[in-house]
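J.: Mind having a look at this structure? Questions to follow.
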Amino acid sequence: MKKKLLSLVAMLCCACFLLCACSGGGADAGGDAAQGDGGSASSGNTRICFLAQANNTFQASLRDAIEAKAKDIGVKADTFNADNDVSTQLDQIESAIASGYDAIILCAVDSAGVLPGAQAVKDAGIPLVCVNMLVDDENAYDVYVGSDDVDAGTIQGDWVKEKTSGKCKIGLLHVPMGCSAEIGRTQGLKQSLLDVCPDAVVVAEDDGKAQIDEGMRIAEDWMQTYPDITIIIAQNDAMGLGAMQAVMSAGKKDDILICGVDGDQDAVQAILDGTYDMTVFQNAEGQGSKAVEVALGLIGGETYDKSVMIPFEAITADNAADYLA
């Protein structure tokens, strides 16, 4: 009886998803599905979906860019948010396949964990564009649109090396462990700083789940447990801004440098205010817009290079004003 009930619940959940997708609403707080008219691709018959990793500032910017580009072209787009949960994203992938989307844009929660879902999309013959985050097997997706996360870690490491002469005690805030961004940014930091500067030591590290409240909580704990930390390197700005709040509340901003990744507007403003030290700009608008273009091209039979790359850029006090909208 229990198995039958579980099966019935699963069927109802799937039906709910399909109903929501067909009516044009996303299951995420991602806004209304974009629609338009005119042309074969803009007749309302072409449907794409964006399976987002989490609900943070960068992912919201990515979502907004995808939905705006789809609306401009006249294509219907739905967004679903996995909240950093692999099982949720796998369920969303399965439901998206069943719903019959013409293309799927995926920001993977976990590069290995989401791989079976990516392979299922490929097996179903649906074009799959990975945006911002990769899955582990390049044969399981058609095109990756994003930036080289090794470069982000390298840019952070080079800045830290210059700022501290390679002598620092680091608290390292990881984005969700196992996702391609975490792997690449850690690798870049190791290559540019940790492997070449013996006096640059990671004294504490933790998974901040790319969330501002986690960054704050972890930084508060670190300042109690590791009072000798001289810099917090965050792999995204949400965590970095959370750490900044904790450091400022503790009155230690003069003692601890903070840097991040993404170039969030709040981070850029904080750099100008002197409360945040550096970030690495990641072009969410460029990635999201290009992902839609590629998805529609794949639907139409176009071919692309396996990766469409958009460079990272360092933001410091010297150029932050140029990045403030």
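Note on naming: chains are A, B, ... as they come in the structure tokens, residues start from 1 per chain, ligands start from 1 in the order shown.
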For Val308 (chain A), find every residue with an atom within 9 Å (counting only C-alpha atoms), except residues of its own chain fewer than 3 positions away, and show them as a ChimeraX atom specification.
T.: /A:143-147,287,290-291,304-305
J.: Take the residues just selected and output them with all heavy atoms as an mmCIF file, in the first residue's frame.
T.:
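Dumped everything to part-v2.cif:
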data_model
loop_
_atom_site.group_PDB
_atom_site.id
_atom_site.type_symbol
_atom_site.label_atom_id
_atom_site.label_comp_id
_atom_site.auth_asym_id
_atom_site.auth_seq_id
_atom_site.Cartn_x
_atom_site.Cartn_y
_atom_site.Cartn_z
ATOM 1 N N VAL A 143 26.416 21.722 -26.118
ATOM 2 C CA VAL A 143 27.295 22.897 -26.069
ATOM 3 C C VAL A 143 27.345 23.423 -24.634
ATOM 4 O O VAL A 143 26.339 23.395 -23.921
ATOM 5 C CB VAL A 143 26.788 24.018 -27.009
ATOM 6 C CG1 VAL A 143 27.693 25.248 -26.940
ATOM 7 C CG2 VAL A 143 26.685 23.529 -28.454
ATOM 8 N N TYR A 144 28.517 23.885 -24.233
ATOM 9 C CA TYR A 144 28.667 24.586 -22.955
ATOM 10 C C TYR A 144 28.833 26.072 -23.236
ATOM 11 O O TYR A 144 29.693 26.474 -24.036
ATOM 12 C CB TYR A 144 29.881 24.072 -22.192
ATOM 13 C CG TYR A 144 30.245 24.930 -20.990
ATOM 14 C CD1 TYR A 144 29.394 25.020 -19.899
ATOM 15 C CD2 TYR A 144 31.433 25.669 -20.962
ATOM 16 C CE1 TYR A 144 29.709 25.803 -18.796
ATOM 17 C CE2 TYR A 144 31.759 26.458 -19.861
ATOM 18 C CZ TYR A 144 30.891 26.522 -18.788
ATOM 19 O OH TYR A 144 31.202 27.313 -17.706
ATOM 20 N N VAL A 145 28.028 26.897 -22.586
ATOM 21 C CA VAL A 145 28.154 28.347 -22.661
ATOM 22 C C VAL A 145 28.507 28.841 -21.266
ATOM 23 O O VAL A 145 27.757 28.633 -20.310
ATOM 24 C CB VAL A 145 26.843 29.012 -23.136
ATOM 25 C CG1 VAL A 145 27.002 30.533 -23.120
ATOM 26 C CG2 VAL A 145 26.469 28.535 -24.536
ATOM 27 N N GLY A 146 29.651 29.475 -21.144
ATOM 28 C CA GLY A 146 30.055 29.942 -19.828
ATOM 29 C C GLY A 146 31.441 30.544 -19.863
ATOM 30 O O GLY A 146 31.883 31.060 -20.890
ATOM 31 N N SER A 147 32.096 30.484 -18.737
ATOM 32 C CA SER A 147 33.443 31.015 -18.604
ATOM 33 C C SER A 147 34.335 29.936 -18.015
ATOM 34 O O SER A 147 33.850 28.992 -17.393
ATOM 35 C CB SER A 147 33.438 32.261 -17.709
ATOM 36 O OG SER A 147 32.548 33.243 -18.215
ATOM 37 N N GLN A 287 26.234 35.204 -20.782
ATOM 38 C CA GLN A 287 26.065 33.754 -20.759
ATOM 39 C C GLN A 287 24.616 33.353 -21.030
ATOM 40 O O GLN A 287 24.340 32.457 -21.825
ATOM 41 C CB GLN A 287 26.512 33.192 -19.408
ATOM 42 C CG GLN A 287 28.009 33.252 -19.170
ATOM 43 C CD GLN A 287 28.415 32.594 -17.855
ATOM 44 O OE1 GLN A 287 27.658 31.831 -17.274
ATOM 45 N NE2 GLN A 287 29.617 32.893 -17.392
ATOM 46 N N LYS A 290 23.511 34.170 -24.722
ATOM 47 C CA LYS A 290 24.150 33.264 -25.677
ATOM 48 C C LYS A 290 23.597 31.849 -25.548
ATOM 49 O O LYS A 290 23.438 31.135 -26.555
ATOM 50 C CB LYS A 290 25.657 33.265 -25.462
ATOM 51 C CG LYS A 290 26.430 32.356 -26.418
ATOM 52 C CD LYS A 290 26.213 32.718 -27.871
ATOM 53 C CE LYS A 290 26.840 34.029 -28.248
ATOM 54 N NZ LYS A 290 26.745 34.295 -29.713
ATOM 55 N N ALA A 291 23.274 31.419 -24.329
ATOM 56 C CA ALA A 291 22.714 30.079 -24.138
ATOM 57 C C ALA A 291 21.394 29.927 -24.887
ATOM 58 O O ALA A 291 21.122 28.876 -25.494
ATOM 59 C CB ALA A 291 22.508 29.799 -22.650
ATOM 60 N N TYR A 304 27.818 24.027 -33.450
ATOM 61 C CA TYR A 304 28.650 24.964 -32.692
ATOM 62 C C TYR A 304 29.888 24.241 -32.173
ATOM 63 O O TYR A 304 29.918 23.010 -32.089
ATOM 64 C CB TYR A 304 27.878 25.523 -31.490
ATOM 65 C CG TYR A 304 26.653 26.329 -31.845
ATOM 66 C CD1 TYR A 304 25.413 25.702 -32.031
ATOM 67 C CD2 TYR A 304 26.725 27.705 -31.996
ATOM 68 C CE1 TYR A 304 24.284 26.440 -32.348
ATOM 69 C CE2 TYR A 304 25.601 28.450 -32.315
ATOM 70 C CZ TYR A 304 24.384 27.817 -32.494
ATOM 71 O OH TYR A 304 23.275 28.542 -32.816
ATOM 72 N N ASP A 305 30.898 25.035 -31.811
ATOM 73 C CA ASP A 305 32.008 24.470 -31.051
ATOM 74 C C ASP A 305 31.458 23.921 -29.737
ATOM 75 O O ASP A 305 30.412 24.351 -29.250
ATOM 76 C CB ASP A 305 33.059 25.540 -30.754
ATOM 77 C CG ASP A 305 33.796 25.992 -32.007
ATOM 78 O OD1 ASP A 305 33.806 25.235 -32.996
ATOM 79 O OD2 ASP A 305 34.333 27.125 -31.994
#
J.: Quick one: everything within 10 Å of Gln211 (chain A), counting only C-alpha atoms, minus sequence neighbours fewer than 5 positions away in the same chain. Send it as a ChimeraX atom specification.
T.: /A:54-57,175-176,216,236-242
J.: Quick one: everything within 7 Å of region 271-278 of chain A, counting only C-alpha atoms, minus sequence neighbours fewer than 3 positions away in the same chain. Send it as a PyMOL selection string.
T.: chain A and resi 244+257-260+267-268+315-317+320
J.: Export, as a short mmCIF file (atom, residue, chain, number, x, y, z; two decimals), in the first residue's frame, the selected residues with all heavy atoms.
T.:
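Result written to again_39.cif:
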data_model
loop_
_atom_site.label_atom_id
_atom_site.label_comp_id
_atom_site.auth_asym_id
_atom_site.auth_seq_id
_atom_site.Cartn_x
_atom_site.Cartn_y
_atom_site.Cartn_z
N MET A 244 31.76 39.56 4.48
CA MET A 244 32.04 40.98 4.71
C MET A 244 31.20 41.52 5.88
O MET A 244 31.71 42.24 6.75
CB MET A 244 31.73 41.78 3.44
CG MET A 244 31.94 43.28 3.57
SD MET A 244 31.21 44.21 2.19
CE MET A 244 29.46 44.17 2.66
N LEU A 257 41.18 40.94 4.40
CA LEU A 257 40.79 41.22 3.03
C LEU A 257 39.69 40.24 2.60
O LEU A 257 39.64 39.12 3.09
CB LEU A 257 41.99 41.08 2.09
CG LEU A 257 43.17 42.04 2.28
CD1 LEU A 257 44.35 41.59 1.43
CD2 LEU A 257 42.76 43.46 1.91
N ILE A 258 38.85 40.67 1.68
CA ILE A 258 37.77 39.81 1.19
C ILE A 258 37.69 39.95 -0.33
O ILE A 258 37.65 41.07 -0.86
CB ILE A 258 36.41 40.17 1.80
CG1 ILE A 258 36.48 40.14 3.33
CG2 ILE A 258 35.32 39.22 1.31
CD1 ILE A 258 35.26 40.73 4.01
N CYS A 259 37.65 38.80 -1.02
CA CYS A 259 37.46 38.84 -2.46
C CYS A 259 36.47 37.76 -2.88
O CYS A 259 36.28 36.77 -2.17
CB CYS A 259 38.77 38.70 -3.21
SG CYS A 259 39.63 37.14 -2.99
N GLY A 260 35.83 37.96 -4.03
CA GLY A 260 34.81 37.03 -4.50
C GLY A 260 34.84 36.84 -5.99
O GLY A 260 35.81 37.20 -6.67
N ALA A 267 28.47 43.82 -4.67
CA ALA A 267 29.91 43.66 -4.45
C ALA A 267 30.68 44.82 -5.06
O ALA A 267 31.63 45.34 -4.47
CB ALA A 267 30.38 42.33 -5.03
N VAL A 268 30.28 45.23 -6.26
CA VAL A 268 30.94 46.36 -6.92
C VAL A 268 30.78 47.63 -6.09
O VAL A 268 31.73 48.39 -5.88
CB VAL A 268 30.38 46.56 -8.34
CG1 VAL A 268 30.99 47.80 -8.99
CG2 VAL A 268 30.65 45.33 -9.22
N ILE A 315 37.81 42.94 -11.06
CA ILE A 315 37.27 44.23 -10.63
C ILE A 315 37.93 44.60 -9.30
O ILE A 315 37.85 43.86 -8.32
CB ILE A 315 35.74 44.18 -10.43
CG1 ILE A 315 35.03 43.75 -11.71
CG2 ILE A 315 35.22 45.55 -9.98
CD1 ILE A 315 33.52 43.62 -11.55
N THR A 316 38.57 45.75 -9.28
CA THR A 316 39.19 46.29 -8.06
C THR A 316 38.74 47.74 -7.89
O THR A 316 37.95 48.25 -8.68
CB THR A 316 40.73 46.22 -8.16
OG1 THR A 316 41.16 47.11 -9.19
CG2 THR A 316 41.20 44.81 -8.49
N ALA A 317 39.27 48.38 -6.88
CA ALA A 317 38.93 49.79 -6.66
C ALA A 317 39.31 50.65 -7.84
O ALA A 317 38.71 51.72 -8.08
CB ALA A 317 39.63 50.29 -5.39
N ALA A 320 36.22 49.65 -10.53
CA ALA A 320 34.89 49.24 -10.10
C ALA A 320 33.79 50.15 -10.65
O ALA A 320 32.69 49.68 -10.98
CB ALA A 320 34.83 49.19 -8.57
#
J.: Show me, as a count of residues only, the residues that have an atom within 12 Å of region 182-192 of chain A when counting only C-alpha atoms, minus same-chain residues fewer than 5 positions from it.
T.: 54
J.: I need the residues of region 67-162 of chain A that end up classed as strand (DSSP E or B) by DSSP on the backbone, written out as a ChimeraX atom specification.
T.: /A:76-81,103-106,128-131,143-146
J.: Among region 132-273 of chain A, which ones does DSSP place in helix (DSSP H, G or I), written as a PyMOL selection string?
T.: chain A and resi 138-140+149-164+180-194+212-225+237-249+265-273
J.: Point out the residue among A:Ile231, A:Leu62, A:Cys107, A:Val292 with the least atom-to-atom distance to Val86 (chain A), counting only C-alpha atoms.
T.: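 Using only C-alpha atoms, Val86 (chain A) sits closest to A:Cys107.
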J.: Give the answer as one residue: which of A:Gln224, A:Thr79, A:Asn319, A:Gln265 has the shortest atom-to-atom distance to Ala284 (chain A), using only C-alpha atoms?
T.: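 Looking at the shortest contact to Ala284 (chain A), the residue is A:Gln265.
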J.: For the atom pair CA of Met309 (chain A) and CA of Leu115 (chain A), what is the interatomic distance in Å to one decimal place?
T.: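 Computing the Euclidean distance for CA of Met309 (chain A) and CA of Leu115 (chain A) yields 21.1 Å.
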J.: Show which residues sit within 7 Å of region 88-103 of chain A, as a list in words. Count only C-alpha atoms, and ignore same-chain residues fewer than 3 positions away.
T.: Cys14, Phe17, Leu18, Thr46, Arg47, Ile48, Cys49, Ala82, Asp85, Val114, Gly117, Val121, Ile126, Pro127, Leu128, Ala295 and Ile299 of chain A
J.: Can you spit out the residues from that selection as a PDB file, in the first residue's frame, using N, CA, C and O atoms?
T.:
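Contents of selection-v1.pdb, as written:
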ATOM      1  N   CYS A  14       4.390  14.847 -11.049  1.00  0.00           N
ATOM      2  CA  CYS A  14       4.790  14.968 -12.452  1.00  0.00           C
ATOM      3  C   CYS A  14       3.704  15.695 -13.236  1.00  0.00           C
ATOM      4  O   CYS A  14       3.971  16.561 -14.050  1.00  0.00           O
ATOM      5  N   PHE A  17       3.842  19.382 -12.595  1.00  0.00           N
ATOM      6  CA  PHE A  17       4.950  20.000 -13.343  1.00  0.00           C
ATOM      7  C   PHE A  17       4.523  20.260 -14.776  1.00  0.00           C
ATOM      8  O   PHE A  17       4.713  21.336 -15.327  1.00  0.00           O
ATOM      9  N   LEU A  18       3.948  19.237 -15.423  1.00  0.00           N
ATOM     10  CA  LEU A  18       3.568  19.359 -16.823  1.00  0.00           C
ATOM     11  C   LEU A  18       2.510  20.440 -17.003  1.00  0.00           C
ATOM     12  O   LEU A  18       2.566  21.236 -17.927  1.00  0.00           O
ATOM     13  N   THR A  46       7.658  26.891 -30.030  1.00  0.00           N
ATOM     14  CA  THR A  46       8.980  26.531 -29.536  1.00  0.00           C
ATOM     15  C   THR A  46       9.054  26.809 -28.044  1.00  0.00           C
ATOM     16  O   THR A  46       8.782  27.916 -27.593  1.00  0.00           O
ATOM     17  N   ARG A  47       9.440  25.800 -27.281  1.00  0.00           N
ATOM     18  CA  ARG A  47       9.472  25.908 -25.819  1.00  0.00           C
ATOM     19  C   ARG A  47      10.814  25.442 -25.295  1.00  0.00           C
ATOM     20  O   ARG A  47      11.278  24.357 -25.635  1.00  0.00           O
ATOM     21  N   ILE A  48      11.445  26.270 -24.488  1.00  0.00           N
ATOM     22  CA  ILE A  48      12.701  25.893 -23.837  1.00  0.00           C
ATOM     23  C   ILE A  48      12.529  26.047 -22.331  1.00  0.00           C
ATOM     24  O   ILE A  48      11.627  26.744 -21.865  1.00  0.00           O
ATOM     25  N   CYS A  49      13.387  25.382 -21.573  1.00  0.00           N
ATOM     26  CA  CYS A  49      13.360  25.604 -20.127  1.00  0.00           C
ATOM     27  C   CYS A  49      14.776  25.756 -19.598  1.00  0.00           C
ATOM     28  O   CYS A  49      15.730  25.238 -20.174  1.00  0.00           O
ATOM     29  N   ALA A  82      16.539  24.298  -8.599  1.00  0.00           N
ATOM     30  CA  ALA A  82      16.810  23.072  -7.843  1.00  0.00           C
ATOM     31  C   ALA A  82      17.239  23.321  -6.408  1.00  0.00           C
ATOM     32  O   ALA A  82      17.405  22.371  -5.639  1.00  0.00           O
ATOM     33  N   ASP A  85      20.018  21.152  -4.856  1.00  0.00           N
ATOM     34  CA  ASP A  85      19.738  19.768  -4.505  1.00  0.00           C
ATOM     35  C   ASP A  85      19.790  18.895  -5.756  1.00  0.00           C
ATOM     36  O   ASP A  85      19.024  19.103  -6.704  1.00  0.00           O
ATOM     37  N   VAL A 114      24.590  15.137 -11.529  1.00  0.00           N
ATOM     38  CA  VAL A 114      23.537  15.448 -12.496  1.00  0.00           C
ATOM     39  C   VAL A 114      23.789  14.766 -13.840  1.00  0.00           C
ATOM     40  O   VAL A 114      22.937  14.793 -14.723  1.00  0.00           O
ATOM     41  N   GLY A 117      21.092  12.639 -15.539  1.00  0.00           N
ATOM     42  CA  GLY A 117      20.015  13.431 -16.108  1.00  0.00           C
ATOM     43  C   GLY A 117      20.397  14.014 -17.454  1.00  0.00           C
ATOM     44  O   GLY A 117      19.590  14.024 -18.397  1.00  0.00           O
ATOM     45  N   VAL A 121      18.639  13.397 -21.194  1.00  0.00           N
ATOM     46  CA  VAL A 121      18.227  14.411 -22.164  1.00  0.00           C
ATOM     47  C   VAL A 121      18.797  14.083 -23.531  1.00  0.00           C
ATOM     48  O   VAL A 121      18.110  14.141 -24.556  1.00  0.00           O
ATOM     49  N   ILE A 126      16.848  15.606 -27.182  1.00  0.00           N
ATOM     50  CA  ILE A 126      16.541  17.016 -26.921  1.00  0.00           C
ATOM     51  C   ILE A 126      17.860  17.794 -26.822  1.00  0.00           C
ATOM     52  O   ILE A 126      18.751  17.399 -26.070  1.00  0.00           O
ATOM     53  N   PRO A 127      18.019  18.878 -27.578  1.00  0.00           N
ATOM     54  CA  PRO A 127      19.243  19.680 -27.456  1.00  0.00           C
ATOM     55  C   PRO A 127      19.468  20.133 -26.019  1.00  0.00           C
ATOM     56  O   PRO A 127      18.541  20.626 -25.362  1.00  0.00           O
ATOM     57  N   LEU A 128      20.693  19.962 -25.539  1.00  0.00           N
ATOM     58  CA  LEU A 128      21.039  20.325 -24.166  1.00  0.00           C
ATOM     59  C   LEU A 128      22.211  21.298 -24.171  1.00  0.00           C
ATOM     60  O   LEU A 128      23.296  20.970 -24.656  1.00  0.00           O
ATOM     61  N   ALA A 295      20.746  27.406 -27.968  1.00  0.00           N
ATOM     62  CA  ALA A 295      19.655  26.434 -27.859  1.00  0.00           C
ATOM     63  C   ALA A 295      18.749  26.489 -29.078  1.00  0.00           C
ATOM     64  O   ALA A 295      18.393  25.452 -29.665  1.00  0.00           O
ATOM     65  N   ILE A 299      18.117  23.689 -32.110  1.00  0.00           N
ATOM     66  CA  ILE A 299      16.789  23.242 -32.534  1.00  0.00           C
ATOM     67  C   ILE A 299      16.673  23.316 -34.055  1.00  0.00           C
ATOM     68  O   ILE A 299      16.089  22.442 -34.699  1.00  0.00           O
TER      69      ILE A 299
END
